[in-house]
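Report on the following structure.
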Amino acid sequence: MSVPSIAESFDRALRAAVPGLVEPAVRSSGRADLQADGLLALARRRGEDPQRLAGVVAGRIPGAVAAGPGFVNLTVPEDVLRGQVALRLADGRLGVGLPEAGTTTVVDYSQPNIAKEMHVGHLRSTIIGDALVRVLEHLGGTVLRQNHIGDWGTQFGMLIQFLHERGDGDYRAARALFEADTAFAERSRRRVVALQAGDPASVAVWRRLVAASFEHFTDVYDRLGVRLRPADAVGESFYNAALPQVAADLEAAGVAVVSDGALCVFGEEASPLIVRKSDGGFGYAATDLAALRHRVGVLGADRILYVVDARQALHFRQVFAAARRAGWLGGQAVHVPFGTVLGDDGRPFRTRSGETVRLTDLLDAAVAAARDVVSAKNPGLGGEELAERARQVGIGAVKYADLSTGRTRDYVFDVDRMVALTGDTGVYVQFAHARLRSILRRAGATPAVTPVALEPVERRLILRLDGFAAALGEVAAGYEPHRLCGYLSGLAQAVTAFVETCPVLRAPADVRANRLALCTLAADTLRTGLDLLGVATPDRL
Ligand code: ARG
């Protein structure tokens, strides 16, 4: 059952007290628990005295006082704070509602390319997409994962031909030969035609390539703990058969026209979207149009999220515009772009020799760094237990660092900063959680909300806990997982202040029970929140 937060109730009380108040603008404040300043604009519009209006409103809300030039400050009564803790604790969902119920969202994410190693560019899509999937599902939405794998296109002719001639599937070597040797390039082009026409020998080799890559992707997904399963992989090849129809329908509808032999959709941009090339071949854009049509028409999506590098913005603008003109897109299609992962030189992350960095190498480095941090904290720990905790901390650190960065910003991949125990890191939040679990393990008493006086740090902790659903709502509203990271890092700080100033186990029975209730709610909120980011919550750290 959804539990309205104190901020929501304050907002509602303000609206009820002042008919016509559109925007109460409730925020947290240094002077009170919450402050509303929306009365200022309203009073100005009506030619009223804002201070007088604030006074009248404050008189109608328990705990509220008028302040400053027309603010209403709220100091939340203790029984209200306690009531919120009790309600959230009693609810299996911590009081978070199901605002996404009834929606069907396709999330297109991860999207690695066959025959190439997954690299750091795919890391962001995988991690951000998975967090969005988890949050939307948690809020009651139906979510369909679609891993739009690059398993089709001219490069496969090149690869299959190279494999056929040299017995080697190395992408870079094939590329080099393709560029240097025109005869090989020509044989590769003929091979693509054969593949697309269903030539059994070519298809068999292609299948082998796909299967081998897939094993590698699955290993990475398992390591990352993301929820993509083989059944979620719907590669570009899946849409191949539908491409001629897509082209024909666009042309019949007058959305696409032939220009210089190519079938194009002209829009506001300088260059058109090419549906079919002049040689008759279909490319990336046609495939995305077919995919979109399938997702709306067959999968029943009312919203499609494309978690793809910001550098593909133009492509998606054009695809969405064409689909809308064709009448294929009634609902929402959203490009959810993200920035680039940089090396410490501030340039796109590459190895010393200029190659893209392999994802598995990055994860190895993070787990190794985490191992040092964990064993420094637990000198006795070793063996499988140390290895497991290093994995949870290291992988969690990489994911948290990625998710906590504003999505469209670039960031520097810095393993040491990622696994630091202080600062805005996954480890910091994991550690706050583990501290609470340690207290709860030793509790020896049942948590219960009791009518005891609250310390200032306890009030702050409760107000933070009360904002959980709002933070999830912000993630869903702007597809911004960093809102949840910001929330959890603030919660971890409130938890840290609480455990460092309020003794729990040594407190008198009624205070202890109440503090244990706070510990329980805070630990469960941290666990749920980190789980929605796909970050593990070990009980010990
Ligand atoms: N495989 C592509 C790449 O690595 C990304 C695919 C994104 N998804 C889509 N529907 N176009 O660049």
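Naming scheme: A, B, ... for chains in displayed order of the structure tokens; residues 1 onward per chain; ligands 1 onward as shown.
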Legend entry - Selection: 8 Å around stretch 435-450 of chain A, only C-alpha atoms, excl. self and same-chain fewer than 5 positions, as JSON, numbers by chain: {"A": [82, 85, 86, 504, 505, 510, 511, 512, 513, 514, 515, 516, 517, 519, 520, 522, 523, 539, 540]}
Legend entry - Polymer residues at most 10 Å from A:Thr356, only C-alpha atoms, same-chain spacing of 3 or more positions, as number ranges by chain: A: 117-121, 348-353, 359
N, CA and C atoms of the current selection, written as a compact mmCIF listing (two decimals), in the first residue's frame:
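Everything below was put into out_36.txt:
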```txt
# COMPACT_ATOMS: atom_id res chain seq x y z
N GLU A 117 34.47 -7.69 -29.10
CA GLU A 117 34.48 -7.75 -27.64
C GLU A 117 33.54 -6.66 -27.10
N MET A 118 32.85 -6.94 -26.00
CA MET A 118 32.08 -5.86 -25.37
C MET A 118 33.05 -4.85 -24.80
N HIS A 119 32.78 -3.58 -25.00
CA HIS A 119 33.70 -2.59 -24.47
C HIS A 119 32.98 -1.61 -23.55
N VAL A 120 33.74 -0.64 -23.08
CA VAL A 120 33.23 0.24 -22.04
C VAL A 120 32.02 1.06 -22.51
N GLY A 121 31.92 1.27 -23.83
CA GLY A 121 30.74 1.95 -24.35
C GLY A 121 29.45 1.18 -24.06
N PRO A 348 38.30 9.79 -24.67
CA PRO A 348 37.59 8.51 -24.61
C PRO A 348 38.53 7.37 -24.21
N PHE A 349 38.06 6.58 -23.27
CA PHE A 349 38.89 5.57 -22.62
C PHE A 349 39.44 4.55 -23.61
N ARG A 350 40.75 4.47 -23.71
CA ARG A 350 41.41 3.49 -24.58
C ARG A 350 42.63 2.91 -23.87
N THR A 351 43.11 1.80 -24.38
CA THR A 351 44.33 1.24 -23.82
C THR A 351 45.52 2.06 -24.34
N ARG A 352 46.70 1.80 -23.76
CA ARG A 352 47.89 2.54 -24.17
C ARG A 352 48.12 2.44 -25.68
N SER A 353 47.79 1.29 -26.25
CA SER A 353 48.04 1.12 -27.68
C SER A 353 46.88 1.65 -28.53
N LEU A 359 35.81 -4.83 -21.44
CA LEU A 359 35.01 -4.73 -20.23
C LEU A 359 35.49 -5.67 -19.14
```
Go through chain A and flag each residue having an atom no more than 7 Å from ligand 1; for those, report the closest pair of atoms plus their distance in Å to one decimal, using only C-alpha atoms and all ligand atoms, ordered by chain and rising number, as CSV.
```
residue,atom,partner,partner_atom_place_in_ligand_line,distance
A:Asp108,CA,ligand 1,8 (N),6.2
A:Tyr109,CA,ligand 1,8 (N),6.7
A:Gln111,CA,ligand 1,1 (N),4.7
A:Pro112,CA,ligand 1,1 (N),5.2
A:Asn113,CA,ligand 1,1 (N),5.4
A:His148,CA,ligand 1,8 (N),5.4
A:Ile149,CA,ligand 1,1 (N),5.6
A:Gly150,CA,ligand 1,1 (N),4.6
A:Asp288,CA,ligand 1,10 (N),5.5
A:Tyr306,CA,ligand 1,8 (N),6.3
A:Val308,CA,ligand 1,7 (C),5.5
```
Legend entry - Within 12 Å of stretch 3-9 of chain A using only C-alpha atoms, minus same-chain residues under 4 positions, as a VMD selection string: chain A and resid 13 to 16 24 to 29 33 to 36 61 to 63 73 to 98 462 to 471
Let's have the selection written as a JSON list (two decimals), in the first residue's frame, with C-alpha atoms.
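Heads up, here's the output in out-v2.json:
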```json
[["chain", "number", "residue", "atom", "x", "y", "z"],
["A", 13, "ALA", "CA", -2.58, 20.62, 3.07],
["A", 14, "LEU", "CA", -1.23, 23.82, 1.51],
["A", 15, "ARG", "CA", -3.37, 23.39, -1.59],
["A", 16, "ALA", "CA", -6.41, 22.74, 0.57],
["A", 24, "PRO", "CA", 3.34, 25.22, -3.25],
["A", 25, "ALA", "CA", 7.06, 24.49, -3.96],
["A", 26, "VAL", "CA", 7.81, 22.38, -0.90],
["A", 27, "ARG", "CA", 11.48, 21.81, -0.23],
["A", 28, "SER", "CA", 13.69, 20.87, 2.69],
["A", 29, "SER", "CA", 15.15, 23.80, 4.51],
["A", 33, "ASP", "CA", 11.97, 20.33, 8.23],
["A", 34, "LEU", "CA", 10.14, 21.62, 5.18],
["A", 35, "GLN", "CA", 9.49, 25.00, 3.68],
["A", 36, "ALA", "CA", 6.95, 26.19, 1.11],
["A", 61, "ILE", "CA", -1.55, 23.30, 9.41],
["A", 62, "PRO", "CA", -0.26, 21.65, 12.61],
["A", 63, "GLY", "CA", 3.45, 22.37, 13.10],
["A", 73, "ASN", "CA", 7.88, 26.57, 7.59],
["A", 74, "LEU", "CA", 6.92, 23.16, 8.87],
["A", 75, "THR", "CA", 8.44, 21.44, 11.85],
["A", 76, "VAL", "CA", 6.95, 17.99, 11.65],
["A", 77, "PRO", "CA", 5.30, 16.88, 14.90],
["A", 78, "GLU", "CA", 6.95, 13.83, 16.46],
["A", 79, "ASP", "CA", 3.86, 11.68, 16.32],
["A", 80, "VAL", "CA", 3.66, 12.29, 12.59],
["A", 81, "LEU", "CA", 7.29, 11.20, 12.17],
["A", 82, "ARG", "CA", 6.70, 8.08, 14.22],
["A", 83, "GLY", "CA", 3.53, 7.33, 12.28],
["A", 84, "GLN", "CA", 5.42, 7.38, 9.00],
["A", 85, "VAL", "CA", 8.04, 4.96, 10.30],
["A", 86, "ALA", "CA", 5.36, 2.58, 11.57],
["A", 87, "LEU", "CA", 3.41, 2.65, 8.30],
["A", 88, "ARG", "CA", 6.46, 2.08, 6.10],
["A", 89, "LEU", "CA", 7.76, -0.71, 8.35],
["A", 90, "ALA", "CA", 4.43, -2.49, 8.32],
["A", 91, "ASP", "CA", 4.25, -2.38, 4.53],
["A", 92, "GLY", "CA", 6.10, -5.01, 2.50],
["A", 93, "ARG", "CA", 6.96, -2.36, -0.11],
["A", 94, "LEU", "CA", 8.17, 0.23, 2.37],
["A", 95, "GLY", "CA", 5.17, 2.33, 1.44],
["A", 96, "VAL", "CA", 6.16, 2.72, -2.21],
["A", 97, "GLY", "CA", 3.16, 2.73, -4.55],
["A", 98, "LEU", "CA", 2.67, 1.37, -8.07],
["A", 462, "ILE", "CA", 13.14, 9.70, 9.32],
["A", 463, "LEU", "CA", 12.58, 12.57, 6.90],
["A", 464, "ARG", "CA", 15.11, 11.02, 4.53],
["A", 465, "LEU", "CA", 13.51, 7.60, 4.75],
["A", 466, "ASP", "CA", 10.19, 9.22, 4.00],
["A", 467, "GLY", "CA", 11.47, 10.49, 0.65],
["A", 468, "PHE", "CA", 12.19, 7.07, -0.87],
["A", 469, "ALA", "CA", 9.14, 6.87, -3.15],
["A", 470, "ALA", "CA", 9.70, 10.44, -4.36],
["A", 471, "ALA", "CA", 13.28, 9.56, -5.34]]
```
Legend entry - Surrounding residues of A:Ile160 excluding itself and chain neighbours under 2 positions, 9 Å, only C-alpha atoms, as a PyMOL selection string: chain A and resi 155-158+162-165+169+188+191-192+202+205-206+209
Convert the current residue selection to file output with N, CA and C atoms, as a PDB file, in the first residue's frame.
```pdb
ATOM      1  N   GLN A 155      29.512  -6.098 -42.334  1.00  0.00           N
ATOM      2  CA  GLN A 155      30.742  -6.593 -41.706  1.00  0.00           C
ATOM      3  C   GLN A 155      30.740  -8.109 -41.549  1.00  0.00           C
ATOM      4  N   PHE A 156      29.525  -8.709 -41.577  1.00  0.00           N
ATOM      5  CA  PHE A 156      29.495 -10.166 -41.417  1.00  0.00           C
ATOM      6  C   PHE A 156      29.954 -10.888 -42.680  1.00  0.00           C
ATOM      7  N   GLY A 157      29.736 -10.262 -43.831  1.00  0.00           N
ATOM      8  CA  GLY A 157      30.271 -10.832 -45.062  1.00  0.00           C
ATOM      9  C   GLY A 157      31.785 -10.894 -44.961  1.00  0.00           C
ATOM     10  N   MET A 158      32.344  -9.798 -44.504  1.00  0.00           N
ATOM     11  CA  MET A 158      33.789  -9.686 -44.347  1.00  0.00           C
ATOM     12  C   MET A 158      34.327 -10.742 -43.364  1.00  0.00           C
ATOM     13  N   PHE A 162      36.602 -13.982 -44.255  1.00  0.00           N
ATOM     14  CA  PHE A 162      37.919 -14.058 -43.632  1.00  0.00           C
ATOM     15  C   PHE A 162      38.102 -15.404 -42.925  1.00  0.00           C
ATOM     16  N   LEU A 163      37.064 -15.792 -42.227  1.00  0.00           N
ATOM     17  CA  LEU A 163      37.065 -17.069 -41.520  1.00  0.00           C
ATOM     18  C   LEU A 163      37.214 -18.214 -42.516  1.00  0.00           C
ATOM     19  N   HIS A 164      36.509 -18.089 -43.618  1.00  0.00           N
ATOM     20  CA  HIS A 164      36.519 -19.100 -44.661  1.00  0.00           C
ATOM     21  C   HIS A 164      37.916 -19.225 -45.284  1.00  0.00           C
ATOM     22  N   GLU A 165      38.561 -18.093 -45.519  1.00  0.00           N
ATOM     23  CA  GLU A 165      39.848 -18.113 -46.209  1.00  0.00           C
ATOM     24  C   GLU A 165      41.012 -18.351 -45.265  1.00  0.00           C
ATOM     25  N   GLY A 169      38.773 -15.755 -36.908  1.00  0.00           N
ATOM     26  CA  GLY A 169      37.613 -14.871 -36.774  1.00  0.00           C
ATOM     27  C   GLY A 169      37.954 -13.516 -36.176  1.00  0.00           C
ATOM     28  N   SER A 188      33.914 -10.344 -50.069  1.00  0.00           N
ATOM     29  CA  SER A 188      33.132 -10.136 -48.847  1.00  0.00           C
ATOM     30  C   SER A 188      31.739  -9.642 -49.179  1.00  0.00           C
ATOM     31  N   ARG A 191      29.684 -12.325 -50.298  1.00  0.00           N
ATOM     32  CA  ARG A 191      29.359 -13.188 -49.162  1.00  0.00           C
ATOM     33  C   ARG A 191      28.154 -12.633 -48.386  1.00  0.00           C
ATOM     34  N   VAL A 192      28.071 -11.323 -48.254  1.00  0.00           N
ATOM     35  CA  VAL A 192      26.909 -10.734 -47.568  1.00  0.00           C
ATOM     36  C   VAL A 192      25.638 -11.073 -48.322  1.00  0.00           C
ATOM     37  N   SER A 202      27.086 -20.173 -45.448  1.00  0.00           N
ATOM     38  CA  SER A 202      27.327 -18.859 -44.841  1.00  0.00           C
ATOM     39  C   SER A 202      26.548 -18.702 -43.549  1.00  0.00           C
ATOM     40  N   VAL A 205      28.186 -20.562 -40.645  1.00  0.00           N
ATOM     41  CA  VAL A 205      29.336 -19.872 -40.054  1.00  0.00           C
ATOM     42  C   VAL A 205      28.860 -18.690 -39.211  1.00  0.00           C
ATOM     43  N   TRP A 206      27.887 -17.976 -39.741  1.00  0.00           N
ATOM     44  CA  TRP A 206      27.331 -16.829 -39.011  1.00  0.00           C
ATOM     45  C   TRP A 206      26.784 -17.270 -37.646  1.00  0.00           C
ATOM     46  N   LEU A 209      29.507 -17.777 -35.207  1.00  0.00           N
ATOM     47  CA  LEU A 209      30.001 -16.501 -34.700  1.00  0.00           C
ATOM     48  C   LEU A 209      29.069 -15.947 -33.613  1.00  0.00           C
TER      49      LEU A 209
END
```
Inset, instruction - Give me the residues within 7 Å of A:Ala174 as a list in words, counting only C-alpha atoms and dropping any in the same chain fewer than 3 places off. - result: Met158, Leu159, Phe162, Asp170, Tyr171, Leu177 and Phe178 of chain A
Inset, instruction - Would you please extract all strand (DSSP E) residues from stretch 50-229 of chain A, as assigned by DSSP on the backbone, and give them as a list of chain:residue names? - result: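 Across stretch 50-229 of chain A, those assigned strand (DSSP E) are A:Ala64, A:Val65, A:Ala66, A:Ala67, A:Phe71, A:Val72, A:Asn73, A:Leu74, A:Thr104, A:Thr105, A:Val106, A:Val107, A:Asp108, A:Thr142, A:Val143, A:Leu144, A:Arg145, A:Gln146.
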Inset, instruction - Name the residues in contact with A:Gln392 at a cut-off of 10 Å, using only C-alpha atoms, excluding same-chain residues fewer than 6 positions from it; report them as a PyMOL selection string. - result: chain A and resi 223-225+367+370-371+386+427+430+535-538+541
Resulting file, chosen residues, N, CA and C atoms, as a PDB file, in the first residue's frame:
```
ATOM      1  N   ARG A 223      28.439 -11.694 -14.533  1.00  0.00           N
ATOM      2  CA  ARG A 223      29.373 -11.003 -13.649  1.00  0.00           C
ATOM      3  C   ARG A 223      28.793  -9.697 -13.152  1.00  0.00           C
ATOM      4  N   LEU A 224      28.150  -8.975 -14.056  1.00  0.00           N
ATOM      5  CA  LEU A 224      27.580  -7.677 -13.686  1.00  0.00           C
ATOM      6  C   LEU A 224      26.296  -7.828 -12.884  1.00  0.00           C
ATOM      7  N   GLY A 225      25.708  -9.027 -12.918  1.00  0.00           N
ATOM      8  CA  GLY A 225      24.429  -9.213 -12.226  1.00  0.00           C
ATOM      9  C   GLY A 225      23.318  -8.428 -12.889  1.00  0.00           C
ATOM     10  N   VAL A 367      37.554  -5.289  -9.163  1.00  0.00           N
ATOM     11  CA  VAL A 367      37.453  -6.318  -8.120  1.00  0.00           C
ATOM     12  C   VAL A 367      38.780  -6.425  -7.357  1.00  0.00           C
ATOM     13  N   ALA A 370      38.916  -3.544  -4.978  1.00  0.00           N
ATOM     14  CA  ALA A 370      37.961  -3.755  -3.891  1.00  0.00           C
ATOM     15  C   ALA A 370      38.508  -4.779  -2.889  1.00  0.00           C
ATOM     16  N   ARG A 371      39.225  -5.746  -3.396  1.00  0.00           N
ATOM     17  CA  ARG A 371      39.803  -6.776  -2.538  1.00  0.00           C
ATOM     18  C   ARG A 371      40.750  -6.151  -1.523  1.00  0.00           C
ATOM     19  N   LEU A 386      36.423 -13.714   1.132  1.00  0.00           N
ATOM     20  CA  LEU A 386      37.052 -12.470   0.684  1.00  0.00           C
ATOM     21  C   LEU A 386      36.774 -12.240  -0.801  1.00  0.00           C
ATOM     22  N   VAL A 427      30.519   1.811  -2.190  1.00  0.00           N
ATOM     23  CA  VAL A 427      31.029   1.196  -0.964  1.00  0.00           C
ATOM     24  C   VAL A 427      30.531   1.946   0.270  1.00  0.00           C
ATOM     25  N   GLN A 430      27.041   0.830   0.776  1.00  0.00           N
ATOM     26  CA  GLN A 430      27.054  -0.577   1.221  1.00  0.00           C
ATOM     27  C   GLN A 430      27.504  -0.668   2.682  1.00  0.00           C
ATOM     28  N   VAL A 535      22.974  -3.128  -7.374  1.00  0.00           N
ATOM     29  CA  VAL A 535      24.182  -3.192  -6.545  1.00  0.00           C
ATOM     30  C   VAL A 535      23.908  -4.098  -5.336  1.00  0.00           C
ATOM     31  N   ALA A 536      24.856  -4.997  -5.048  1.00  0.00           N
ATOM     32  CA  ALA A 536      24.676  -5.972  -3.963  1.00  0.00           C
ATOM     33  C   ALA A 536      24.747  -5.294  -2.595  1.00  0.00           C
ATOM     34  N   THR A 537      24.107  -5.931  -1.599  1.00  0.00           N
ATOM     35  CA  THR A 537      24.172  -5.406  -0.238  1.00  0.00           C
ATOM     36  C   THR A 537      24.648  -6.490   0.717  1.00  0.00           C
ATOM     37  N   PRO A 538      25.962  -6.714   0.784  1.00  0.00           N
ATOM     38  CA  PRO A 538      26.458  -7.717   1.730  1.00  0.00           C
ATOM     39  C   PRO A 538      26.114  -7.315   3.172  1.00  0.00           C
ATOM     40  N   LEU A 541      30.815  -6.044   5.957  1.00  0.00           N
ATOM     41  CA  LEU A 541      31.750  -5.451   5.001  1.00  0.00           C
ATOM     42  C   LEU A 541      33.150  -5.328   5.580  1.00  0.00           C
TER      43      LEU A 541
END
```
Inset, instruction - For atom CA of A:Val106 and atom CA of A:Gln146, quote the distance in Å rounded to one decimal. - result: 6.7 Å
A:Phe498: which residues within 10 Å, counting only C-alpha atoms, same-chain residues fewer than 5 positions away excluded, as a short mmCIF file (atom, residue, chain, number, x, y, z; two decimals) with C-alpha atoms, in the first residue's frame?
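Saved to around.cif:
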```cif
data_model
loop_
_atom_site.label_atom_id
_atom_site.label_comp_id
_atom_site.auth_asym_id
_atom_site.auth_seq_id
_atom_site.Cartn_x
_atom_site.Cartn_y
_atom_site.Cartn_z
CA GLU A 455 17.07 13.32 18.61
CA PRO A 456 17.71 15.76 15.74
CA VAL A 457 19.67 13.10 13.80
CA GLU A 458 16.75 10.73 14.19
CA ARG A 459 14.34 13.33 12.81
CA ARG A 460 16.62 13.88 9.85
CA LEU A 461 16.91 10.15 9.24
CA ALA A 492 23.74 6.69 4.06
CA GLN A 493 25.03 9.97 5.51
CA PRO A 503 23.58 4.34 20.92
CA VAL A 504 21.13 1.58 20.07
CA ARG A 515 15.98 2.85 17.36
CA LEU A 518 14.73 2.96 12.59
CA CYS A 519 17.67 0.63 11.88
#
```
Inset, instruction - Apply DSSP to the structure's backbone, then extract all residues of stretch 26-263 of chain A labelled alpha helix (DSSP H) and return them as a PyMOL selection string. - result: chain A and resi 39-46+50-59+78-90+120-138+154-166+171-180+182-196+200-224+243-252
Could the residues in this selection be written to a file with C-alpha atoms, as a short mmCIF file (atom, residue, chain, number, x, y, z; two decimals), in the first residue's frame?
```
data_model
loop_
_atom_site.label_atom_id
_atom_site.label_comp_id
_atom_site.auth_asym_id
_atom_site.auth_seq_id
_atom_site.Cartn_x
_atom_site.Cartn_y
_atom_site.Cartn_z
CA LEU A 39 2.67 31.64 -1.58
CA LEU A 40 4.88 34.55 -2.58
CA ALA A 41 4.04 34.34 -6.26
CA LEU A 42 0.36 33.76 -5.56
CA ALA A 43 0.08 36.77 -3.21
CA ARG A 44 1.87 38.93 -5.75
CA ARG A 45 -0.52 37.82 -8.49
CA ARG A 46 -3.51 38.66 -6.32
CA PRO A 50 2.34 37.52 1.34
CA GLN A 51 3.20 37.63 5.05
CA ARG A 52 -0.45 37.85 6.01
CA LEU A 53 -1.36 35.03 3.63
CA ALA A 54 1.43 32.85 5.03
CA GLY A 55 0.13 33.56 8.55
CA VAL A 56 -3.39 32.48 7.66
CA VAL A 57 -2.16 29.29 5.96
CA ALA A 58 0.21 28.37 8.79
CA GLY A 59 -2.66 28.67 11.25
CA GLU A 78 6.95 13.83 16.46
CA ASP A 79 3.86 11.68 16.32
CA VAL A 80 3.66 12.29 12.59
CA LEU A 81 7.29 11.20 12.17
CA ARG A 82 6.70 8.08 14.22
CA GLY A 83 3.53 7.33 12.28
CA GLN A 84 5.42 7.38 9.00
CA VAL A 85 8.04 4.96 10.30
CA ALA A 86 5.36 2.58 11.57
CA LEU A 87 3.41 2.65 8.30
CA ARG A 88 6.46 2.08 6.10
CA LEU A 89 7.76 -0.71 8.35
CA ALA A 90 4.43 -2.49 8.32
CA VAL A 120 33.23 0.24 -22.04
CA GLY A 121 30.74 1.95 -24.35
CA HIS A 122 28.37 -0.97 -23.79
CA LEU A 123 28.95 -0.82 -20.05
CA ARG A 124 26.92 2.35 -19.58
CA SER A 125 24.00 1.18 -21.68
CA THR A 126 23.91 -2.14 -19.84
CA ILE A 127 24.09 -0.63 -16.36
CA ILE A 128 21.75 2.32 -16.92
CA GLY A 129 19.24 0.24 -18.86
CA ASP A 130 19.16 -2.43 -16.19
CA ALA A 131 18.58 0.13 -13.41
CA LEU A 132 15.70 1.69 -15.36
CA VAL A 133 14.18 -1.73 -15.95
CA ARG A 134 14.34 -2.51 -12.25
CA VAL A 135 12.86 0.80 -11.13
CA LEU A 136 10.00 0.79 -13.64
CA GLU A 137 9.17 -2.80 -12.73
CA HIS A 138 9.30 -2.02 -9.04
CA THR A 154 28.01 -5.90 -44.26
CA GLN A 155 30.74 -6.59 -41.71
CA PHE A 156 29.50 -10.17 -41.42
CA GLY A 157 30.27 -10.83 -45.06
CA MET A 158 33.79 -9.69 -44.35
CA LEU A 159 34.10 -11.79 -41.23
CA ILE A 160 32.66 -14.96 -42.70
CA GLN A 161 34.84 -14.59 -45.78
CA PHE A 162 37.92 -14.06 -43.63
CA LEU A 163 37.07 -17.07 -41.52
CA HIS A 164 36.52 -19.10 -44.66
CA GLU A 165 39.85 -18.11 -46.21
CA ARG A 166 42.07 -17.89 -43.14
CA TYR A 171 37.60 -8.73 -36.43
CA ARG A 172 40.50 -6.32 -36.62
CA ALA A 173 42.52 -8.53 -38.97
CA ALA A 174 39.50 -9.01 -41.22
CA ARG A 175 38.87 -5.26 -41.27
CA ALA A 176 42.48 -4.56 -42.18
CA LEU A 177 42.41 -6.98 -45.08
CA PHE A 178 39.05 -5.62 -46.22
CA GLU A 179 40.52 -2.15 -46.41
CA ALA A 180 43.78 -3.17 -48.07
CA THR A 182 39.90 -4.80 -53.07
CA ALA A 183 39.51 -8.37 -54.33
CA PHE A 184 38.87 -9.56 -50.78
CA ALA A 185 36.44 -6.69 -50.26
CA GLU A 186 34.55 -7.77 -53.35
CA ARG A 187 34.43 -11.41 -52.19
CA SER A 188 33.13 -10.14 -48.85
CA ARG A 189 30.34 -8.21 -50.53
CA ARG A 190 29.30 -11.31 -52.45
CA ARG A 191 29.36 -13.19 -49.16
CA VAL A 192 26.91 -10.73 -47.57
CA VAL A 193 24.52 -11.24 -50.44
CA ALA A 194 24.84 -15.02 -50.00
CA LEU A 195 24.27 -14.72 -46.25
CA GLN A 196 21.23 -12.53 -46.64
CA PRO A 200 23.40 -22.60 -45.81
CA ALA A 201 27.21 -22.60 -45.54
CA SER A 202 27.33 -18.86 -44.84
CA VAL A 203 24.46 -19.03 -42.39
CA ALA A 204 26.15 -21.89 -40.53
CA VAL A 205 29.34 -19.87 -40.05
CA TRP A 206 27.33 -16.83 -39.01
CA ARG A 207 25.49 -18.90 -36.41
CA ARG A 208 28.82 -20.06 -35.00
CA LEU A 209 30.00 -16.50 -34.70
CA VAL A 210 26.79 -15.47 -32.96
CA ALA A 211 26.91 -18.36 -30.52
CA ALA A 212 30.54 -17.72 -29.57
CA SER A 213 29.93 -14.03 -28.92
CA PHE A 214 26.82 -14.80 -27.02
CA GLU A 215 28.68 -16.94 -24.55
CA HIS A 216 30.97 -14.05 -23.88
CA PHE A 217 28.08 -11.59 -23.41
CA THR A 218 26.35 -13.95 -21.03
CA ASP A 219 29.51 -14.24 -18.93
CA VAL A 220 29.70 -10.46 -18.68
CA TYR A 221 26.01 -10.16 -17.77
CA ASP A 222 26.38 -12.79 -15.07
CA ARG A 223 29.37 -11.00 -13.65
CA LEU A 224 27.58 -7.68 -13.69
CA LEU A 243 12.72 -4.71 -44.12
CA PRO A 244 11.29 -4.80 -47.67
CA GLN A 245 7.79 -4.30 -46.25
CA VAL A 246 8.96 -1.40 -44.10
CA ALA A 247 10.42 0.26 -47.18
CA ALA A 248 7.33 -0.42 -49.28
CA ASP A 249 4.96 0.93 -46.64
CA LEU A 250 6.99 4.07 -46.07
CA GLU A 251 7.07 4.70 -49.77
CA ALA A 252 3.36 4.01 -50.25
#
```
Inset, instruction - Would you mind telling me which residue in A:Phe413, A:Asp49, A:Cys485, A:Val143 lies nearest to A:Asp345 when using only C-alpha atoms? - result: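 Closest residue, counting only C-alpha atoms: A:Phe413.
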Legend entry - Pick from A:Glu500, A:Asp402, A:Asp361, A:Asp531, whichever lies nearest to A:Val341 using only C-alpha atoms: A:Asp402
Legend entry - atom CA of A:Val495 to atom CA of A:Pro379, distance in Å rounded to a single decimal: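 Atom-to-atom, atom CA of A:Val495 to atom CA of A:Pro379, that is 25.2 Å.
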